[in-house]
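Q: This one is target.txt, compact mmCIF, C-alpha atoms.
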# COMPACT_ATOMS: atom_id res chain seq x y z
CA MET B 1 56.71 70.88 65.78
CA LYS B 2 60.14 69.87 64.47
CA ASN B 3 60.40 73.14 62.51
CA LEU B 4 59.49 75.10 65.66
CA LYS B 5 62.33 73.41 67.61
CA ILE B 6 64.78 74.21 64.83
CA LEU B 7 63.56 77.82 64.73
CA VAL B 8 63.85 78.23 68.52
CA PHE B 9 67.31 76.60 68.53
CA GLY B 10 68.43 78.90 65.70
CA ALA B 11 67.14 81.98 67.53
CA VAL B 12 68.87 81.01 70.81
CA PHE B 13 72.11 80.22 68.96
CA SER B 14 71.96 83.58 67.14
CA ILE B 15 71.41 85.50 70.37
CA LEU B 16 74.30 83.71 72.08
CA PHE B 17 76.58 84.29 69.08
CA ILE B 18 75.73 88.00 68.91
CA SER B 19 76.12 88.51 72.67
CA THR B 20 79.49 86.74 72.63
CA PHE B 21 80.70 88.87 69.72
CA THR B 22 79.48 92.07 71.42
CA SER B 23 81.11 90.97 74.68
CA CYS B 24 84.47 90.49 72.93
CA GLU B 25 84.26 93.97 71.45
CA ASN B 26 83.59 95.47 74.89
CA ASN B 27 86.50 93.54 76.42
CA ASP B 28 88.88 95.05 73.88
CA VAL B 29 87.77 98.59 74.73
CA GLN B 30 87.27 98.23 78.47
CA PRO B 31 90.90 97.53 79.53
CA ALA B 32 92.11 100.63 77.68
CA LEU B 33 89.53 102.77 79.46
CA MET B 34 90.37 101.21 82.80
CA GLU B 35 94.10 101.68 82.22
CA ASP B 36 93.67 105.39 81.48
CA SER B 37 91.64 105.74 84.67
CA ILE B 38 94.32 103.90 86.65
CA ALA B 39 97.07 106.13 85.25
CA GLU B 40 95.10 109.21 86.31
CA ASN B 41 94.36 107.90 89.81
CA VAL B 42 97.67 106.34 90.86
CA LYS B 43 100.11 108.86 92.26
CA PHE B 44 103.72 108.22 93.19
CA GLN B 45 105.96 110.02 95.62
CA ASN B 46 109.60 110.75 94.96
CA SER B 47 111.77 108.82 97.40
CA PRO B 48 114.57 110.45 99.36
CA LEU B 49 117.40 110.53 96.84
CA ARG B 50 120.64 108.90 98.00
CA GLY B 51 123.31 107.49 95.79
CA PRO B 52 122.55 106.77 92.13
CA ILE B 53 119.27 108.29 90.97
CA ILE B 54 116.72 106.50 88.83
CA LYS B 55 114.50 108.66 86.66
CA ILE B 56 111.39 106.82 85.50
CA GLU B 57 109.10 107.87 82.67
CA LEU B 58 105.70 106.40 83.38
CA GLY B 59 103.48 104.93 80.66
CA ARG B 60 103.31 101.92 78.38
CA LYS B 61 105.95 101.74 75.67
CA LYS B 62 103.53 100.15 73.21
CA LYS B 63 101.12 103.05 73.82
CA GLY B 64 103.61 105.84 73.18
CA CYS B 65 104.35 106.20 76.92
CA GLU B 66 100.67 106.66 77.79
CA GLY B 67 98.70 104.50 80.22
CA PHE B 68 99.95 102.83 83.40
CA GLY B 69 103.39 101.28 83.33
CA ILE B 70 107.08 102.04 82.98
CA CYS B 71 108.17 103.36 79.62
CA LYS B 72 111.79 104.46 80.16
CA ILE B 73 114.42 104.35 82.89
CA SER B 74 117.61 106.40 83.28
CA ILE B 75 120.27 105.97 85.97
CA GLY B 76 122.77 108.64 86.92
CA SER B 77 123.87 110.97 89.69
CA ALA B 78 121.82 113.85 91.07
CA LEU B 79 124.07 116.16 89.06
CA SER B 80 123.77 114.31 85.75
CA LEU B 81 119.99 113.81 85.63
CA ASP B 82 117.34 116.46 85.30
CA SER B 83 115.19 115.82 88.37
CA SER B 84 111.98 116.89 86.67
CA GLY B 85 110.03 113.93 85.45
CA ASP B 86 107.38 111.43 86.34
CA LEU B 87 109.19 109.65 89.16
CA ASN B 88 112.62 109.89 90.75
CA THR B 89 113.92 107.30 93.19
CA SER B 90 117.22 105.80 94.29
CA LEU B 91 119.01 102.70 93.13
CA ALA B 92 119.45 100.20 95.95
CA TYR B 93 121.26 96.88 96.32
CA ASP B 94 119.82 93.78 97.99
CA ARG B 95 122.69 91.74 99.45
CA ARG B 96 120.40 88.79 100.08
CA THR B 97 119.56 88.40 96.38
CA SER B 98 122.71 90.11 95.04
CA ALA B 99 120.57 92.31 92.82
CA TYR B 100 119.92 96.00 92.27
CA TYR B 101 116.36 97.27 92.66
CA PHE B 102 114.30 100.41 93.06
CA ASP B 103 111.10 101.20 94.88
CA ALA B 104 108.27 103.18 93.30
CA LEU B 105 106.33 104.30 96.36
CA LEU B 106 102.67 105.22 96.20
CA SER B 107 101.61 108.64 97.43
CA LYS B 108 98.90 109.21 100.01
CA ASP B 109 97.06 111.07 97.20
CA SER B 110 96.81 107.87 95.16
CA ARG B 111 93.17 106.86 94.77
CA ILE B 112 94.06 103.38 93.52
CA ASN B 113 96.57 101.31 95.46
CA ASP B 114 96.35 97.81 94.01
CA ALA B 115 96.86 98.13 90.24
CA ALA B 116 99.53 96.08 88.47
CA LEU B 117 102.35 98.16 86.97
CA VAL B 118 103.13 97.03 83.41
CA VAL B 119 106.48 96.86 81.63
CA ASP B 120 105.74 96.03 77.97
CA GLU B 121 109.26 95.01 76.98
CA ASP B 122 112.59 94.51 78.73
CA ILE B 123 114.25 97.81 79.64
CA VAL B 124 118.06 97.77 79.70
CA VAL B 125 120.08 100.59 81.28
CA ASP B 126 123.83 100.94 81.74
CA TYR B 127 125.21 101.49 85.21
CA ALA B 128 128.80 101.23 86.49
CA GLU B 129 130.06 99.44 83.38
CA GLN B 130 127.30 96.84 83.45
CA SER B 131 123.89 96.46 81.88
CA LEU B 132 120.91 96.20 84.21
CA LYS B 133 117.61 94.89 82.91
CA VAL B 134 114.04 95.29 84.14
CA SER B 135 112.12 92.36 82.71
CA ALA B 136 108.85 92.78 80.86
CA GLY B 137 105.84 91.80 82.89
CA MET B 138 103.31 92.92 85.44
CA TYR B 139 104.44 94.07 88.87
CA THR B 140 102.07 93.96 91.83
CA VAL B 141 101.84 96.30 94.79
CA ASP B 142 103.80 95.45 97.93
CA GLN B 143 101.79 96.97 100.77
CA SER B 144 104.78 96.75 103.14
CA LEU B 145 106.71 99.44 101.23
CA GLY B 146 106.50 102.97 102.59
CA GLU B 147 103.36 104.28 104.24
CA ASN B 148 101.07 103.61 101.28
CA GLY B 149 102.62 100.61 99.56
CA GLY B 150 104.51 100.61 96.31
CA TYR B 151 106.36 98.52 93.75
CA ARG B 152 109.78 96.96 94.28
CA ILE B 153 111.32 96.26 90.92
CA TYR B 154 114.51 94.25 90.63
CA PHE B 155 117.08 94.56 87.88
CA LYS B 156 118.53 91.34 86.46
Write out the structure in this file as C-alpha cells.
A:
Amino acid sequence: MKNLKILVFGAVFSILFISTFTSCENNDVQPALMEDSIAENVKFQNSPLRGPIIKIELGRKKKGCEGFGICKISIGSALSLDSSGDLNTSLAYDRRTSAYYFDALLSKDSRINDAALVVDEDIVVDYAEQSLKVSAGMYTVDQSLGENGGYRIYFK
C-alpha cells in the first residue's frame, strides 16, 4: 500500500513537472506569435503635418525592427525628411507639462485597438540644439485621441 502511494505521488509529480515545462516552452513562443499578429493588424494614420515632422520606424529594436513597437525616430522639417515611411506625425508641445510629445493615431482600418506599443530601449533624437528622449517601456492606447484612439508619447 505504501509503495502504491509513492508510485501514485511520483506519477502525479511527473505529470505536473512535464506540464509545467511544456507550458513554459509555449509561453516563450506564444508572445512572439501574438506580437507578429498585432504588428500585422494595427494600422496607423499619418497625422496632419504641421511644424517639425517626426518620422517613426515601427518595430522592436531588439528584433531587428520587426514586431510591434517603435524602432527609430527622426525629427526634421517637411523638406528635410523623406515622407515615405511607417508613420509620420508632428512634434507638439504640452505647456501644462512643459514637454514635447507626438501622437501615433490608430487608423479606422486597424483590427486591434488596445495593444501596448513597445520601446525596447531609450531613443534619443536631437531637436533645436537639445536632446529629446523617448523612454523605454510599454505605452498603452489612449482612446480619447483622434477618432480611433492612439498613443501619446512624451519626450523627456
Q: What lies within 12 Å of B:Gln143 using only C-alpha atoms, ignoring chain neighbours under 2 positions off, as a PDB file with C-alpha atoms, in the coordinates of the input?
A:
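Ended up saving to selection-v5.pdb:
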ATOM      1  CA  ASP B 103     111.100 101.200  94.880  1.00  0.00           C
ATOM      2  CA  ALA B 104     108.270 103.180  93.300  1.00  0.00           C
ATOM      3  CA  LEU B 105     106.330 104.300  96.360  1.00  0.00           C
ATOM      4  CA  LEU B 106     102.670 105.220  96.200  1.00  0.00           C
ATOM      5  CA  ASN B 113      96.570 101.310  95.460  1.00  0.00           C
ATOM      6  CA  ASP B 114      96.350  97.810  94.010  1.00  0.00           C
ATOM      7  CA  ALA B 115      96.860  98.130  90.240  1.00  0.00           C
ATOM      8  CA  THR B 140     102.070  93.960  91.830  1.00  0.00           C
ATOM      9  CA  VAL B 141     101.840  96.300  94.790  1.00  0.00           C
ATOM     10  CA  LEU B 145     106.710  99.440 101.230  1.00  0.00           C
ATOM     11  CA  GLY B 146     106.500 102.970 102.590  1.00  0.00           C
ATOM     12  CA  GLU B 147     103.360 104.280 104.240  1.00  0.00           C
ATOM     13  CA  ASN B 148     101.070 103.610 101.280  1.00  0.00           C
ATOM     14  CA  GLY B 149     102.620 100.610  99.560  1.00  0.00           C
ATOM     15  CA  GLY B 150     104.510 100.610  96.310  1.00  0.00           C
ATOM     16  CA  TYR B 151     106.360  98.520  93.750  1.00  0.00           C
ATOM     17  CA  ARG B 152     109.780  96.960  94.280  1.00  0.00           C
TER      18      ARG B 152
END
Q: My list of candidates is B:Ser135, B:Gln130, B:Ser107, B:Ser144. Which is closest to B:Lys43 when distances are computed with only C-alpha atoms?
A: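 Looking at the shortest contact to B:Lys43, the residue is B:Ser107.
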Q: Taking 2 positions as the minimum chain separation for residues in the same chain, which residues sit within 10 Å of B:Lys62 when counting only C-alpha atoms? Answer as a PyMOL selection string.
A: chain B and resi 59-60+64-67+71+119-121
Q: Between B:Leu87, B:Val125, B:Ile112, B:Ile75, which one has atoms that come closest to B:Asn46, using all atoms listed in the file?
A: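 Ranked by minimum distance to B:Asn46, first place goes to B:Leu87.
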Q: Please indicate the distance in Å from atom CA of B:Arg96 to atom CA of B:Gln45, rounded to one decimal place.
A: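 Atom-to-atom, atom CA of B:Arg96 to atom CA of B:Gln45, that is 26.1 Å.
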Q: Using only C-alpha atoms, which of B:Leu58, B:Val134, B:Ala128, B:Ala99 sits nearest B:Ala39?
A: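 With only C-alpha atoms as the atom set, the closest residue is B:Leu58.
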Q: Taking the point (108.9, 96.0, 86.6) as given in the file, collect each protein or nucleic acid residue that comes within 7 Å of it, counting only C-alpha atoms, and present the set as a PDB file with C-alpha atoms, in the coordinates of the input.
A:
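See result_24.pdb below for the written result:
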ATOM      1  CA  LEU B 117     102.350  98.160  86.970  1.00  0.00           C
ATOM      2  CA  VAL B 118     103.130  97.030  83.410  1.00  0.00           C
ATOM      3  CA  VAL B 119     106.480  96.860  81.630  1.00  0.00           C
ATOM      4  CA  VAL B 134     114.040  95.290  84.140  1.00  0.00           C
ATOM      5  CA  SER B 135     112.120  92.360  82.710  1.00  0.00           C
ATOM      6  CA  ALA B 136     108.850  92.780  80.860  1.00  0.00           C
ATOM      7  CA  GLY B 137     105.840  91.800  82.890  1.00  0.00           C
ATOM      8  CA  MET B 138     103.310  92.920  85.440  1.00  0.00           C
ATOM      9  CA  TYR B 139     104.440  94.070  88.870  1.00  0.00           C
ATOM     10  CA  ILE B 153     111.320  96.260  90.920  1.00  0.00           C
TER      11      ILE B 153
END
Q: Anything within 12 Å of (120.2, 104.2, 83.8): list those residues as number ranges by chain, counting all atoms listed in the file and sticking to the file's coordinates.
A: B: 52-57, 72-77, 80-81, 88-91, 100-102, 123-134, 155
Q: Next, write the just-selected residues to a file, as a CSV table (one decimal), keeping the file's coordinate frame, keeping C-alpha atoms as the atom set.
A:
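Below you can see result-v8.csv, which holds the result:
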chain,number,residue,atom,x,y,z
B,52,PRO,CA,122.6,106.8,92.1
B,53,ILE,CA,119.3,108.3,91.0
B,54,ILE,CA,116.7,106.5,88.8
B,55,LYS,CA,114.5,108.7,86.7
B,56,ILE,CA,111.4,106.8,85.5
B,57,GLU,CA,109.1,107.9,82.7
B,72,LYS,CA,111.8,104.5,80.2
B,73,ILE,CA,114.4,104.4,82.9
B,74,SER,CA,117.6,106.4,83.3
B,75,ILE,CA,120.3,106.0,86.0
B,76,GLY,CA,122.8,108.6,86.9
B,77,SER,CA,123.9,111.0,89.7
B,80,SER,CA,123.8,114.3,85.8
B,81,LEU,CA,120.0,113.8,85.6
B,88,ASN,CA,112.6,109.9,90.8
B,89,THR,CA,113.9,107.3,93.2
B,90,SER,CA,117.2,105.8,94.3
B,91,LEU,CA,119.0,102.7,93.1
B,100,TYR,CA,119.9,96.0,92.3
B,101,TYR,CA,116.4,97.3,92.7
B,102,PHE,CA,114.3,100.4,93.1
B,123,ILE,CA,114.2,97.8,79.6
B,124,VAL,CA,118.1,97.8,79.7
B,125,VAL,CA,120.1,100.6,81.3
B,126,ASP,CA,123.8,100.9,81.7
B,127,TYR,CA,125.2,101.5,85.2
B,128,ALA,CA,128.8,101.2,86.5
B,129,GLU,CA,130.1,99.4,83.4
B,130,GLN,CA,127.3,96.8,83.4
B,131,SER,CA,123.9,96.5,81.9
B,132,LEU,CA,120.9,96.2,84.2
B,133,LYS,CA,117.6,94.9,82.9
B,134,VAL,CA,114.0,95.3,84.1
B,155,PHE,CA,117.1,94.6,87.9
Q: For a test of reading the model, state the distance in Å between atom CA of B:Asp109 and atom CA of B:Tyr154, rounded to one decimal.
A: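 That distance, rounded to one decimal, is 25.1 Å.
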Q: Can you work out the spacing between atom CA of B:Asp122 and atom CA of B:Ala92 in Å, to one decimal?
A: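 Computing it gives 19.4 Å between the two atoms.
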Q: Is it possible to get the axis-aligned box enclosing stretch 34-42 of chain B (all listed atoms, 4 Å extra per side) as JSON, with centre and edge lengths in Å rounded to one decimal?
A:
{"center_x": 94.0, "center_y": 105.2, "center_z": 86.2, "size_x": 15.3, "size_y": 16.0, "size_z": 17.4}
Q: Given all atoms listed in the file as the basis, pick out the residue of B:Lys61, B:Lys156, B:Arg111, B:Arg95 nearest to B:Asn41.
A: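 Answer, going by the shortest atom-to-atom distance: B:Arg111.
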Q: Could N, CA and C atoms be built for stretch 116-139 of chain B and written out as a tab-separated table (two decimals), keeping the file's coordinate frame?
A:
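The file below, rebuild.tsv, is the result:
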chain	number	residue	atom	x	y	z
B	116	ALA	N	98.26	96.65	88.94
B	116	ALA	CA	99.53	96.08	88.47
B	116	ALA	C	100.22	97.09	87.55
B	117	LEU	N	101.51	97.27	87.78
B	117	LEU	CA	102.35	98.16	86.97
B	117	LEU	C	102.92	97.33	85.82
B	118	VAL	N	102.78	97.82	84.59
B	118	VAL	CA	103.13	97.03	83.41
B	118	VAL	C	104.44	97.53	82.79
B	119	VAL	N	105.30	96.58	82.44
B	119	VAL	CA	106.48	96.86	81.63
B	119	VAL	C	106.29	96.03	80.36
B	120	ASP	N	106.09	96.72	79.23
B	120	ASP	CA	105.74	96.03	77.97
B	120	ASP	C	106.89	95.22	77.40
B	121	GLU	N	108.10	95.73	77.50
B	121	GLU	CA	109.26	95.01	76.98
B	121	GLU	C	110.44	95.26	77.91
B	122	ASP	N	111.41	94.36	77.88
B	122	ASP	CA	112.59	94.51	78.73
B	122	ASP	C	113.19	95.90	78.55
B	123	ILE	N	113.59	96.51	79.68
B	123	ILE	CA	114.25	97.81	79.64
B	123	ILE	C	115.67	97.60	80.15
B	124	VAL	N	116.65	97.94	79.34
B	124	VAL	CA	118.06	97.77	79.70
B	124	VAL	C	118.68	99.15	79.88
B	125	VAL	N	119.36	99.34	81.02
B	125	VAL	CA	120.08	100.59	81.28
B	125	VAL	C	121.50	100.25	81.68
B	126	ASP	N	122.43	101.14	81.37
B	126	ASP	CA	123.83	100.94	81.74
B	126	ASP	C	124.10	101.64	83.06
B	127	TYR	N	124.82	100.93	83.92
B	127	TYR	CA	125.21	101.49	85.21
B	127	TYR	C	126.53	100.85	85.64
B	128	ALA	N	127.50	101.69	85.97
B	128	ALA	CA	128.80	101.23	86.49
B	128	ALA	C	129.39	100.11	85.63
B	129	GLU	N	129.46	100.37	84.34
B	129	GLU	CA	130.06	99.44	83.38
B	129	GLU	C	129.37	98.08	83.31
B	130	GLN	N	128.08	98.07	83.61
B	130	GLN	CA	127.30	96.84	83.45
B	130	GLN	C	125.91	97.21	82.94
B	131	SER	N	125.26	96.25	82.36
B	131	SER	CA	123.89	96.46	81.88
B	131	SER	C	122.93	95.86	82.89
B	132	LEU	N	121.95	96.67	83.29
B	132	LEU	CA	120.91	96.20	84.21
B	132	LEU	C	119.60	96.15	83.43
B	133	LYS	N	118.83	95.09	83.68
B	133	LYS	CA	117.61	94.89	82.91
B	133	LYS	C	116.40	94.75	83.84
B	134	VAL	N	115.34	95.50	83.52
B	134	VAL	CA	114.04	95.29	84.14
B	134	VAL	C	113.26	94.43	83.15
B	135	SER	N	112.82	93.29	83.60
B	135	SER	CA	112.12	92.36	82.71
B	135	SER	C	110.70	92.80	82.44
B	136	ALA	N	110.24	92.52	81.23
B	136	ALA	CA	108.85	92.78	80.86
B	136	ALA	C	107.95	91.97	81.77
B	137	GLY	N	106.80	92.52	82.08
B	137	GLY	CA	105.84	91.80	82.89
B	137	GLY	C	104.95	92.74	83.67
B	138	MET	N	104.21	92.15	84.58
B	138	MET	CA	103.31	92.92	85.44
B	138	MET	C	103.83	92.83	86.87
B	139	TYR	N	103.91	93.98	87.51
B	139	TYR	CA	104.44	94.07	88.87
B	139	TYR	C	103.31	94.47	89.81
